[in-house]
>>> print(open('coords_4.pdb').read())   # PDB, C-alpha atoms and all ligand atoms
ATOM      1  CA  MET A  13       0.174  12.452  17.658  1.00  0.00           C
ATOM      2  CA  ALA A  14      -3.547  12.653  17.008  1.00  0.00           C
ATOM      3  CA  LEU A  15      -4.709  12.908  13.423  1.00  0.00           C
ATOM      4  CA  ARG A  16      -5.739  16.391  12.342  1.00  0.00           C
ATOM      5  CA  LEU A  17      -7.978  17.639   9.570  1.00  0.00           C
ATOM      6  CA  GLY A  18      -6.122  17.629   6.254  1.00  0.00           C
ATOM      7  CA  ASP A  19      -3.654  14.920   7.323  1.00  0.00           C
ATOM      8  CA  THR A  20      -3.161  11.879   5.122  1.00  0.00           C
ATOM      9  CA  VAL A  21      -4.604   9.013   7.154  1.00  0.00           C
ATOM     10  CA  PRO A  22      -2.400   6.007   7.901  1.00  0.00           C
ATOM     11  CA  ASN A  23      -2.633   2.810   5.869  1.00  0.00           C
ATOM     12  CA  PHE A  24      -3.010  -0.597   7.538  1.00  0.00           C
ATOM     13  CA  THR A  25      -3.662  -4.248   6.843  1.00  0.00           C
ATOM     14  CA  GLN A  26      -6.115  -5.856   9.234  1.00  0.00           C
ATOM     15  CA  ALA A  27      -8.558  -8.756   9.459  1.00  0.00           C
ATOM     16  CA  SER A  28     -12.265  -8.034   9.189  1.00  0.00           C
ATOM     17  CA  SER A  29     -15.601  -9.817   9.134  1.00  0.00           C
ATOM     18  CA  GLU A  30     -15.250  -9.846   5.323  1.00  0.00           C
ATOM     19  CA  GLY A  31     -11.592 -10.992   5.158  1.00  0.00           C
ATOM     20  CA  GLU A  32      -8.291  -9.142   5.252  1.00  0.00           C
ATOM     21  CA  ILE A  33      -8.454  -5.443   4.420  1.00  0.00           C
ATOM     22  CA  LYS A  34      -5.524  -3.531   2.975  1.00  0.00           C
ATOM     23  CA  PHE A  35      -7.008  -0.148   3.719  1.00  0.00           C
ATOM     24  CA  TYR A  36      -5.732   2.008   0.845  1.00  0.00           C
ATOM     25  CA  ASP A  37      -6.482  -0.728  -1.727  1.00  0.00           C
ATOM     26  CA  TRP A  38      -9.909  -1.380  -0.234  1.00  0.00           C
ATOM     27  CA  ALA A  39     -10.787   2.332  -0.229  1.00  0.00           C
ATOM     28  CA  GLY A  40      -9.639   2.815  -3.824  1.00  0.00           C
ATOM     29  CA  ASP A  41     -11.061   6.085  -5.198  1.00  0.00           C
ATOM     30  CA  SER A  42     -13.948   6.172  -2.729  1.00  0.00           C
ATOM     31  CA  TRP A  43     -14.466   8.294   0.318  1.00  0.00           C
ATOM     32  CA  VAL A  44     -14.533   6.308   3.568  1.00  0.00           C
ATOM     33  CA  VAL A  45     -16.349   6.590   6.884  1.00  0.00           C
ATOM     34  CA  LEU A  46     -14.253   4.663   9.414  1.00  0.00           C
ATOM     35  CA  PHE A  47     -16.015   4.391  12.761  1.00  0.00           C
ATOM     36  CA  SER A  48     -15.199   2.567  15.966  1.00  0.00           C
ATOM     37  CA  HIS A  49     -17.573   1.238  18.605  1.00  0.00           C
ATOM     38  CA  PRO A  50     -16.729   0.025  22.111  1.00  0.00           C
ATOM     39  CA  ALA A  51     -17.612  -3.662  21.897  1.00  0.00           C
ATOM     40  CA  ASP A  52     -19.622  -6.382  20.184  1.00  0.00           C
ATOM     41  CA  PHE A  53     -22.807  -7.702  21.804  1.00  0.00           C
ATOM     42  CA  THR A  54     -23.643  -4.344  23.386  1.00  0.00           C
ATOM     43  CA  PRO A  55     -26.982  -2.590  22.955  1.00  0.00           C
ATOM     44  CA  VAL A  56     -26.146   0.874  21.585  1.00  0.00           C
ATOM     45  CA  CYS A  57     -23.536  -0.534  19.189  1.00  0.00           C
ATOM     46  CA  THR A  58     -26.097  -3.016  17.898  1.00  0.00           C
ATOM     47  CA  THR A  59     -28.453  -0.186  16.970  1.00  0.00           C
ATOM     48  CA  GLU A  60     -25.640   1.849  15.418  1.00  0.00           C
ATOM     49  CA  LEU A  61     -24.387  -0.902  13.148  1.00  0.00           C
ATOM     50  CA  GLY A  62     -27.930  -1.732  12.074  1.00  0.00           C
ATOM     51  CA  THR A  63     -28.569   1.914  11.233  1.00  0.00           C
ATOM     52  CA  VAL A  64     -25.428   2.091   9.106  1.00  0.00           C
ATOM     53  CA  ALA A  65     -26.457  -1.065   7.222  1.00  0.00           C
ATOM     54  CA  LYS A  66     -29.807   0.523   6.365  1.00  0.00           C
ATOM     55  CA  LEU A  67     -28.083   3.733   5.231  1.00  0.00           C
ATOM     56  CA  LYS A  68     -25.555   1.952   2.993  1.00  0.00           C
ATOM     57  CA  PRO A  69     -27.347   2.972  -0.243  1.00  0.00           C
ATOM     58  CA  GLU A  70     -27.123   6.617   0.896  1.00  0.00           C
ATOM     59  CA  PHE A  71     -23.383   6.262   1.467  1.00  0.00           C
ATOM     60  CA  GLU A  72     -22.963   4.552  -1.905  1.00  0.00           C
ATOM     61  CA  LYS A  73     -24.803   7.382  -3.686  1.00  0.00           C
ATOM     62  CA  ARG A  74     -22.082   9.679  -2.371  1.00  0.00           C
ATOM     63  CA  ASN A  75     -19.213   7.329  -3.364  1.00  0.00           C
ATOM     64  CA  VAL A  76     -18.542   6.496   0.299  1.00  0.00           C
ATOM     65  CA  LYS A  77     -17.552   3.116   1.764  1.00  0.00           C
ATOM     66  CA  VAL A  78     -18.210   2.385   5.424  1.00  0.00           C
ATOM     67  CA  LEU A  79     -15.920   0.448   7.731  1.00  0.00           C
ATOM     68  CA  ALA A  80     -16.606  -0.328  11.399  1.00  0.00           C
ATOM     69  CA  LEU A  81     -14.066  -1.364  14.044  1.00  0.00           C
ATOM     70  CA  SER A  82     -13.841  -2.697  17.558  1.00  0.00           C
ATOM     71  CA  VAL A  83     -11.175  -4.517  19.557  1.00  0.00           C
ATOM     72  CA  ASP A  84     -13.136  -7.780  19.315  1.00  0.00           C
ATOM     73  CA  ASP A  85     -11.989 -10.571  16.999  1.00  0.00           C
ATOM     74  CA  VAL A  86     -13.402 -11.830  13.702  1.00  0.00           C
ATOM     75  CA  GLU A  87     -15.311 -14.746  15.251  1.00  0.00           C
ATOM     76  CA  SER A  88     -17.004 -12.388  17.704  1.00  0.00           C
ATOM     77  CA  HIS A  89     -17.963  -9.983  14.897  1.00  0.00           C
ATOM     78  CA  LYS A  90     -19.411 -12.816  12.827  1.00  0.00           C
ATOM     79  CA  GLY A  91     -21.506 -14.055  15.749  1.00  0.00           C
ATOM     80  CA  TRP A  92     -22.735 -10.569  16.596  1.00  0.00           C
ATOM     81  CA  ILE A  93     -23.691  -9.738  12.992  1.00  0.00           C
ATOM     82  CA  GLY A  94     -26.398 -12.420  13.294  1.00  0.00           C
ATOM     83  CA  ASP A  95     -27.843 -10.562  16.294  1.00  0.00           C
ATOM     84  CA  ILE A  96     -27.679  -7.191  14.521  1.00  0.00           C
ATOM     85  CA  ASN A  97     -29.488  -8.576  11.501  1.00  0.00           C
ATOM     86  CA  GLU A  98     -32.112 -10.245  13.644  1.00  0.00           C
ATOM     87  CA  THR A  99     -32.847  -7.376  16.036  1.00  0.00           C
ATOM     88  CA  GLN A 100     -32.426  -4.424  13.654  1.00  0.00           C
ATOM     89  CA  ASN A 101     -34.207  -6.118  10.764  1.00  0.00           C
ATOM     90  CA  THR A 102     -31.343  -5.546   8.359  1.00  0.00           C
ATOM     91  CA  THR A 103     -28.330  -7.196   6.750  1.00  0.00           C
ATOM     92  CA  VAL A 104     -24.903  -5.946   7.756  1.00  0.00           C
ATOM     93  CA  ASN A 105     -23.452  -5.254   4.335  1.00  0.00           C
ATOM     94  CA  TYR A 106     -20.047  -3.754   5.142  1.00  0.00           C
ATOM     95  CA  PRO A 107     -16.939  -5.016   6.949  1.00  0.00           C
ATOM     96  CA  ILE A 108     -16.188  -4.736  10.660  1.00  0.00           C
ATOM     97  CA  LEU A 109     -12.459  -4.575  11.374  1.00  0.00           C
ATOM     98  CA  ALA A 110     -11.204  -6.897  14.107  1.00  0.00           C
ATOM     99  CA  ASP A 111      -8.610  -5.110  16.178  1.00  0.00           C
ATOM    100  CA  PRO A 112      -7.722  -7.249  19.210  1.00  0.00           C
ATOM    101  CA  ASN A 113      -4.080  -6.207  18.812  1.00  0.00           C
ATOM    102  CA  ARG A 114      -5.187  -2.521  18.748  1.00  0.00           C
ATOM    103  CA  GLN A 115      -3.114  -1.861  15.667  1.00  0.00           C
ATOM    104  CA  VAL A 116      -5.710   0.363  14.001  1.00  0.00           C
ATOM    105  CA  SER A 117      -7.123   1.719  17.270  1.00  0.00           C
ATOM    106  CA  ASP A 118      -3.668   3.008  18.213  1.00  0.00           C
ATOM    107  CA  LEU A 119      -2.922   4.354  14.728  1.00  0.00           C
ATOM    108  CA  TYR A 120      -6.172   6.359  14.790  1.00  0.00           C
ATOM    109  CA  ASP A 121      -6.152   7.138  18.541  1.00  0.00           C
ATOM    110  CA  MET A 122      -9.495   5.440  19.148  1.00  0.00           C
ATOM    111  CA  ILE A 123      -8.754   4.368  22.733  1.00  0.00           C
ATOM    112  CA  HIS A 124      -9.102   7.207  25.221  1.00  0.00           C
ATOM    113  CA  PRO A 125      -7.689   5.758  28.457  1.00  0.00           C
ATOM    114  CA  ASN A 126      -9.377   8.224  30.785  1.00  0.00           C
ATOM    115  CA  ALA A 127     -12.741   7.099  29.391  1.00  0.00           C
ATOM    116  CA  ASP A 128     -11.891   3.392  29.107  1.00  0.00           C
ATOM    117  CA  ASN A 129      -8.485   1.752  29.169  1.00  0.00           C
ATOM    118  CA  THR A 130      -9.231  -1.104  26.806  1.00  0.00           C
ATOM    119  CA  LEU A 131     -12.279  -0.359  24.663  1.00  0.00           C
ATOM    120  CA  THR A 132     -12.491   1.985  21.691  1.00  0.00           C
ATOM    121  CA  VAL A 133     -14.683   5.064  22.036  1.00  0.00           C
ATOM    122  CA  ARG A 134     -17.183   6.035  19.323  1.00  0.00           C
ATOM    123  CA  SER A 135     -14.761   7.697  16.894  1.00  0.00           C
ATOM    124  CA  VAL A 136     -15.728   8.767  13.379  1.00  0.00           C
ATOM    125  CA  PHE A 137     -13.319   9.602  10.575  1.00  0.00           C
ATOM    126  CA  ILE A 138     -14.545  10.949   7.242  1.00  0.00           C
ATOM    127  CA  ILE A 139     -11.732  10.390   4.744  1.00  0.00           C
ATOM    128  CA  ASP A 140     -11.830  11.709   1.190  1.00  0.00           C
ATOM    129  CA  SER A 141     -10.783   9.976  -2.030  1.00  0.00           C
ATOM    130  CA  GLN A 142      -7.239  11.388  -1.636  1.00  0.00           C
ATOM    131  CA  LYS A 143      -6.971   9.709   1.819  1.00  0.00           C
ATOM    132  CA  LYS A 144      -7.145  13.070   3.581  1.00  0.00           C
ATOM    133  CA  LEU A 145      -8.965  13.374   6.893  1.00  0.00           C
ATOM    134  CA  ARG A 146     -11.915  15.736   6.411  1.00  0.00           C
ATOM    135  CA  LEU A 147     -13.816  15.343   9.692  1.00  0.00           C
ATOM    136  CA  THR A 148     -13.360  13.563  12.977  1.00  0.00           C
ATOM    137  CA  PHE A 149     -15.553  13.421  16.051  1.00  0.00           C
ATOM    138  CA  THR A 150     -15.758  11.319  19.161  1.00  0.00           C
ATOM    139  CA  TYR A 151     -18.810  10.300  21.137  1.00  0.00           C
ATOM    140  CA  PRO A 152     -18.827   8.549  24.505  1.00  0.00           C
ATOM    141  CA  ALA A 153     -19.909   4.925  24.868  1.00  0.00           C
ATOM    142  CA  SER A 154     -23.249   5.958  26.372  1.00  0.00           C
ATOM    143  CA  THR A 155     -24.404   8.006  23.361  1.00  0.00           C
ATOM    144  CA  GLY A 156     -25.277   6.509  19.991  1.00  0.00           C
ATOM    145  CA  ARG A 157     -24.349   8.604  16.971  1.00  0.00           C
ATOM    146  CA  ASN A 158     -26.585  10.336  14.460  1.00  0.00           C
ATOM    147  CA  PHE A 159     -25.573   8.883  11.083  1.00  0.00           C
ATOM    148  CA  ASP A 160     -27.820  11.289   9.182  1.00  0.00           C
ATOM    149  CA  GLU A 161     -25.501  14.010  10.473  1.00  0.00           C
ATOM    150  CA  ILE A 162     -22.543  12.143   8.968  1.00  0.00           C
ATOM    151  CA  LEU A 163     -24.329  12.057   5.589  1.00  0.00           C
ATOM    152  CA  ARG A 164     -25.118  15.763   5.942  1.00  0.00           C
ATOM    153  CA  VAL A 165     -21.445  16.583   6.526  1.00  0.00           C
ATOM    154  CA  ILE A 166     -20.429  14.499   3.507  1.00  0.00           C
ATOM    155  CA  ASP A 167     -22.934  16.438   1.382  1.00  0.00           C
ATOM    156  CA  SER A 168     -21.434  19.700   2.630  1.00  0.00           C
ATOM    157  CA  LEU A 169     -17.831  18.578   2.050  1.00  0.00           C
ATOM    158  CA  GLN A 170     -18.515  17.311  -1.459  1.00  0.00           C
ATOM    159  CA  LEU A 171     -20.438  20.475  -2.377  1.00  0.00           C
ATOM    160  CA  THR A 172     -17.885  22.896  -0.965  1.00  0.00           C
ATOM    161  CA  ASP A 173     -15.042  21.024  -2.686  1.00  0.00           C
ATOM    162  CA  ASN A 174     -16.638  21.927  -6.014  1.00  0.00           C
ATOM    163  CA  TYR A 175     -18.073  25.416  -5.494  1.00  0.00           C
ATOM    164  CA  LYS A 176     -16.879  28.555  -3.698  1.00  0.00           C
ATOM    165  CA  VAL A 177     -19.500  28.188  -1.002  1.00  0.00           C
ATOM    166  CA  ALA A 178     -19.830  27.106   2.617  1.00  0.00           C
ATOM    167  CA  THR A 179     -22.882  25.660   4.335  1.00  0.00           C
ATOM    168  CA  PRO A 180     -24.649  27.460   7.195  1.00  0.00           C
ATOM    169  CA  ALA A 181     -25.901  26.085  10.516  1.00  0.00           C
ATOM    170  CA  ASP A 182     -28.240  23.109  10.173  1.00  0.00           C
ATOM    171  CA  TRP A 183     -27.975  23.241   6.371  1.00  0.00           C
ATOM    172  CA  LYS A 184     -29.475  20.372   4.446  1.00  0.00           C
ATOM    173  CA  GLU A 185     -29.061  19.373   0.811  1.00  0.00           C
ATOM    174  CA  GLY A 186     -31.095  21.746  -1.397  1.00  0.00           C
ATOM    175  CA  GLN A 187     -31.092  24.731   0.962  1.00  0.00           C
ATOM    176  CA  ASP A 188     -29.349  28.074   0.375  1.00  0.00           C
ATOM    177  CA  VAL A 189     -25.610  28.244   1.012  1.00  0.00           C
ATOM    178  CA  VAL A 190     -23.100  30.947   1.913  1.00  0.00           C
ATOM    179  CA  VAL A 191     -20.869  32.626  -0.692  1.00  0.00           C
ATOM    180  CA  VAL A 192     -17.279  32.476   0.587  1.00  0.00           C
ATOM    181  CA  PRO A 193     -16.224  35.948   1.759  1.00  0.00           C
ATOM    182  CA  SER A 194     -13.003  35.925  -0.318  1.00  0.00           C
ATOM    183  CA  ILE A 195     -14.938  36.417  -3.583  1.00  0.00           C
ATOM    184  CA  LYS A 196     -15.454  40.134  -4.032  1.00  0.00           C
ATOM    185  CA  ASP A 197     -15.096  40.791  -7.765  1.00  0.00           C
ATOM    186  CA  PRO A 198     -18.632  41.490  -9.167  1.00  0.00           C
ATOM    187  CA  LYS A 199     -17.774  39.782 -12.486  1.00  0.00           C
ATOM    188  CA  GLU A 200     -16.623  36.613 -10.717  1.00  0.00           C
ATOM    189  CA  LEU A 201     -19.690  36.666  -8.467  1.00  0.00           C
ATOM    190  CA  LYS A 202     -21.940  36.837 -11.526  1.00  0.00           C
ATOM    191  CA  GLU A 203     -20.088  33.996 -13.260  1.00  0.00           C
ATOM    192  CA  ARG A 204     -20.011  31.726 -10.233  1.00  0.00           C
ATOM    193  CA  PHE A 205     -23.523  32.452  -9.001  1.00  0.00           C
ATOM    194  CA  PRO A 206     -25.746  32.994 -12.037  1.00  0.00           C
ATOM    195  CA  LYS A 207     -28.854  32.535  -9.870  1.00  0.00           C
ATOM    196  CA  GLY A 208     -27.810  35.621  -7.903  1.00  0.00           C
ATOM    197  CA  TYR A 209     -27.206  36.133  -4.208  1.00  0.00           C
ATOM    198  CA  LYS A 210     -28.656  38.080  -1.301  1.00  0.00           C
ATOM    199  CA  GLU A 211     -26.293  40.323   0.637  1.00  0.00           C
ATOM    200  CA  LEU A 212     -27.348  40.531   4.302  1.00  0.00           C
ATOM    201  CA  LYS A 213     -23.966  41.951   5.293  1.00  0.00           C
ATOM    202  CA  PRO A 214     -20.880  42.322   3.092  1.00  0.00           C
ATOM    203  CA  TYR A 215     -19.524  39.144   4.726  1.00  0.00           C
ATOM    204  CA  LEU A 216     -22.867  37.265   4.776  1.00  0.00           C
ATOM    205  CA  ARG A 217     -24.191  36.523   1.313  1.00  0.00           C
ATOM    206  CA  MET A 218     -26.640  33.710   0.613  1.00  0.00           C
ATOM    207  CA  THR A 219     -27.150  31.971  -2.711  1.00  0.00           C
ATOM    208  CA  PRO A 220     -29.194  29.003  -3.927  1.00  0.00           C
ATOM    209  CA  GLN A 221     -27.246  25.716  -3.866  1.00  0.00           C
ATOM    210  CA  PRO A 222     -25.270  26.003  -7.132  1.00  0.00           C
ATOM    211  CA  ASN A 223     -25.646  22.405  -8.330  1.00  0.00           C
ATOM    212  CA  LYS A 224     -29.444  22.225  -7.935  1.00  0.00           C
TER     213      LYS A 224
HETATM  214  C1  LIG B   1     -23.406  -0.038  24.136  1.00  0.00           C
HETATM  215  O1  LIG B   1     -23.092  -0.157  22.966  1.00  0.00           O
HETATM  216  O2  LIG B   1     -24.556  -0.138  24.509  1.00  0.00           O
HETATM  217  C2  LIG B   1     -22.359   0.265  25.160  1.00  0.00           C
HETATM  218  C3  LIG B   1     -21.071  -0.176  24.986  1.00  0.00           C
HETATM  219  C4  LIG B   1     -20.133   0.091  25.967  1.00  0.00           C
HETATM  220  C5  LIG B   1     -20.477   0.810  27.092  1.00  0.00           C
HETATM  221  C6  LIG B   1     -21.780   1.282  27.236  1.00  0.00           C
HETATM  222  C7  LIG B   1     -22.731   1.008  26.269  1.00  0.00           C
END
>>> encode(input="coords_4.pdb", output="structure tokens")
Amino acid sequence: MALRLGDTVPNFTQASSEGEIKFYDWAGDSWVVLFSHPADFTPVCTTELGTVAKLKPEFEKRNVKVLALSVDDVESHKGWIGDINETQNTTVNYPILADPNRQVSDLYDMIHPNADNTLTVRSVFIIDSQKKLRLTFTYPASTGRNFDEILRVIDSLQLTDNYKVATPADWKEGQDVVVVPSIKDPKELKERFPKGYKELKPYLRMTPQPNK
């Protein structure tokens, strides 16, 4: 069955471009972005993996490790990394899982046979430090992903884990957030939101980002 939000993600041991990865041990107390791409030596994937390499400091700031995957083998990944570095002007600084036996692809349902019988689609899994799945999305092979959006979602998840807020449409770090509708007690509202809040409707109350 497909993984659902809140599920504990499955563990695995698999080869990668940086040696064998025992997933739970490798993740440790970090969050993880696990993302698949269709194949090595393909144009969109080359741009995606280069973009992630450049964003690695942003992921690290948020205590997030990144881990790529395709059904190609370790030798293929190692050869392709040279091309990514050369063409994207970067250094791939994270592991790419090699999954020719589809062990991880099957565990995480990354092959969608009606799109392609053999290659992984562009799946993304955001996994928190408790190994719980917090977001998943799937893009087709023809469309490269927006990795700034993945960072934005991580910012929202980490903020809303710590405060009784939610983030509105197109929210970005630093902008006003929504007070969760379940808080109604005026004393609690004052304690939790000392900067105050604006009530547009009883269910729609905006407050400055609490940790800024
Ligand atoms: C690409 O990464 O460019 C790609 C991979 C598979 C199918 C189509 C495009």
>>> resolve_selection(input="coords_4.pdb", expression="the PyMOL selection byres (((not hetatm)) within 10 of (chain B and resi 1))", output="PyMOL selection string")
chain A and resi 49-61+128+131-134+152-156
>>> resolve_selection(input="coords_4.pdb", expression="the PyMOL selection byres (((chain A and resi 26) around 12) and not hetatm)", output="ChimeraX atom specification")
/A:23-25,27-36,38,79,81-83,85-86,107-117
>>> atom_distance(input="coords_4.pdb", atom1="atom CA of A:Leu17", atom2="atom CA of A:Tyr106")
25.0 Å
>>> atom_distance(input="coords_4.pdb", atom1="atom CA of A:Asp95", atom2="atom CA of A:Ala65")
13.2 Å
>>> residues_around(input="coords_4.pdb", residues="A:Leu15", least_positions_apart="6", cutoff="12 Å", atoms="only C-alpha atoms", output="list in words")
Val21, Pro22, Asp118, Leu119, Tyr120, Asp121, Met122, Ser135, Val136, Phe137, Ile138, Ile139, Lys144, Leu145, Arg146, Leu147, Thr148 and Phe149 of chain A
>>> residues_around(input="coords_4.pdb", residues="A:Lys68", least_positions_apart="6", cutoff="12 Å", atoms="all atoms listed in the file", output="list in words")
Val44, Val45, Leu61, Gly62, Arg74, Asn75, Val76, Lys77, Val78, Leu79, Thr102, Thr103, Val104, Asn105, Tyr106, Pro107, Phe159, Asp160 and Leu163 of chain A
>>> closest_atom_pairs(input="coords_4.pdb", of="stretch 61-177 of chain A", to="stretch 208-221 of chain A", cutoff="10 Å", atoms="all atoms listed in the file", output="JSON lines")
{"residue": "A:Leu171", "atom": "CA", "partner": "A:Gln221", "partner_atom": "CA", "distance": 8.7}
{"residue": "A:Tyr175", "atom": "CA", "partner": "A:Gln221", "partner_atom": "CA", "distance": 9.3}
{"residue": "A:Val177", "atom": "CA", "partner": "A:Gln221", "partner_atom": "CA", "distance": 8.6}
>>> write_last_selection(input="coords_4.pdb", atoms="C-alpha atoms", output="JSON list (two decimals), in the frame of the given file")
[["chain", "number", "residue", "atom", "x", "y", "z"],
["A", 171, "LEU", "CA", -20.44, 20.48, -2.38],
["A", 175, "TYR", "CA", -18.07, 25.42, -5.49],
["A", 177, "VAL", "CA", -19.50, 28.19, -1.00]]
>>> atom_distance(input="coords_4.pdb", atom1="atom CA of A:Lys176", atom2="atom CA of A:Asn223")
11.7 Å
>>> axis_aligned_box(input="coords_4.pdb", around="stretch 85-97 of chain A", padding_each_side="5 Å", output="lines of an AutoDock Vina configuration file")
center_x = -20.7
center_y = -11.0
center_z = 14.6
size_x = 27.5
size_y = 17.6
size_z = 16.2
>>> closest_residue(input="coords_4.pdb", among="A:Glu203, A:Asp188, A:Asp182, A:Asp140", to="A:Leu46", atoms="only C-alpha atoms")
A:Asp140
>>> resolve_selection(input="coords_4.pdb", expression="the PyMOL selection byres (((chain A and resi 164) around 12) and not hetatm)", output="PDB file with C-alpha atoms, in the coordinates of the input")
ATOM      1  CA  GLU A  70     -27.123   6.617   0.896  1.00  0.00           C
ATOM      2  CA  PHE A  71     -23.383   6.262   1.467  1.00  0.00           C
ATOM      3  CA  ARG A  74     -22.082   9.679  -2.371  1.00  0.00           C
ATOM      4  CA  ILE A 138     -14.545  10.949   7.242  1.00  0.00           C
ATOM      5  CA  LEU A 147     -13.816  15.343   9.692  1.00  0.00           C
ATOM      6  CA  ASN A 158     -26.585  10.336  14.460  1.00  0.00           C
ATOM      7  CA  PHE A 159     -25.573   8.883  11.083  1.00  0.00           C
ATOM      8  CA  ASP A 160     -27.820  11.289   9.182  1.00  0.00           C
ATOM      9  CA  GLU A 161     -25.501  14.010  10.473  1.00  0.00           C
ATOM     10  CA  ILE A 162     -22.543  12.143   8.968  1.00  0.00           C
ATOM     11  CA  LEU A 163     -24.329  12.057   5.589  1.00  0.00           C
ATOM     12  CA  VAL A 165     -21.445  16.583   6.526  1.00  0.00           C
ATOM     13  CA  ILE A 166     -20.429  14.499   3.507  1.00  0.00           C
ATOM     14  CA  ASP A 167     -22.934  16.438   1.382  1.00  0.00           C
ATOM     15  CA  SER A 168     -21.434  19.700   2.630  1.00  0.00           C
ATOM     16  CA  LEU A 169     -17.831  18.578   2.050  1.00  0.00           C
ATOM     17  CA  GLN A 170     -18.515  17.311  -1.459  1.00  0.00           C
ATOM     18  CA  LEU A 171     -20.438  20.475  -2.377  1.00  0.00           C
ATOM     19  CA  THR A 179     -22.882  25.660   4.335  1.00  0.00           C
ATOM     20  CA  PRO A 180     -24.649  27.460   7.195  1.00  0.00           C
ATOM     21  CA  ALA A 181     -25.901  26.085  10.516  1.00  0.00           C
ATOM     22  CA  ASP A 182     -28.240  23.109  10.173  1.00  0.00           C
ATOM     23  CA  TRP A 183     -27.975  23.241   6.371  1.00  0.00           C
ATOM     24  CA  LYS A 184     -29.475  20.372   4.446  1.00  0.00           C
ATOM     25  CA  GLU A 185     -29.061  19.373   0.811  1.00  0.00           C
ATOM     26  CA  GLY A 186     -31.095  21.746  -1.397  1.00  0.00           C
ATOM     27  CA  GLN A 187     -31.092  24.731   0.962  1.00  0.00           C
TER      28      GLN A 187
END
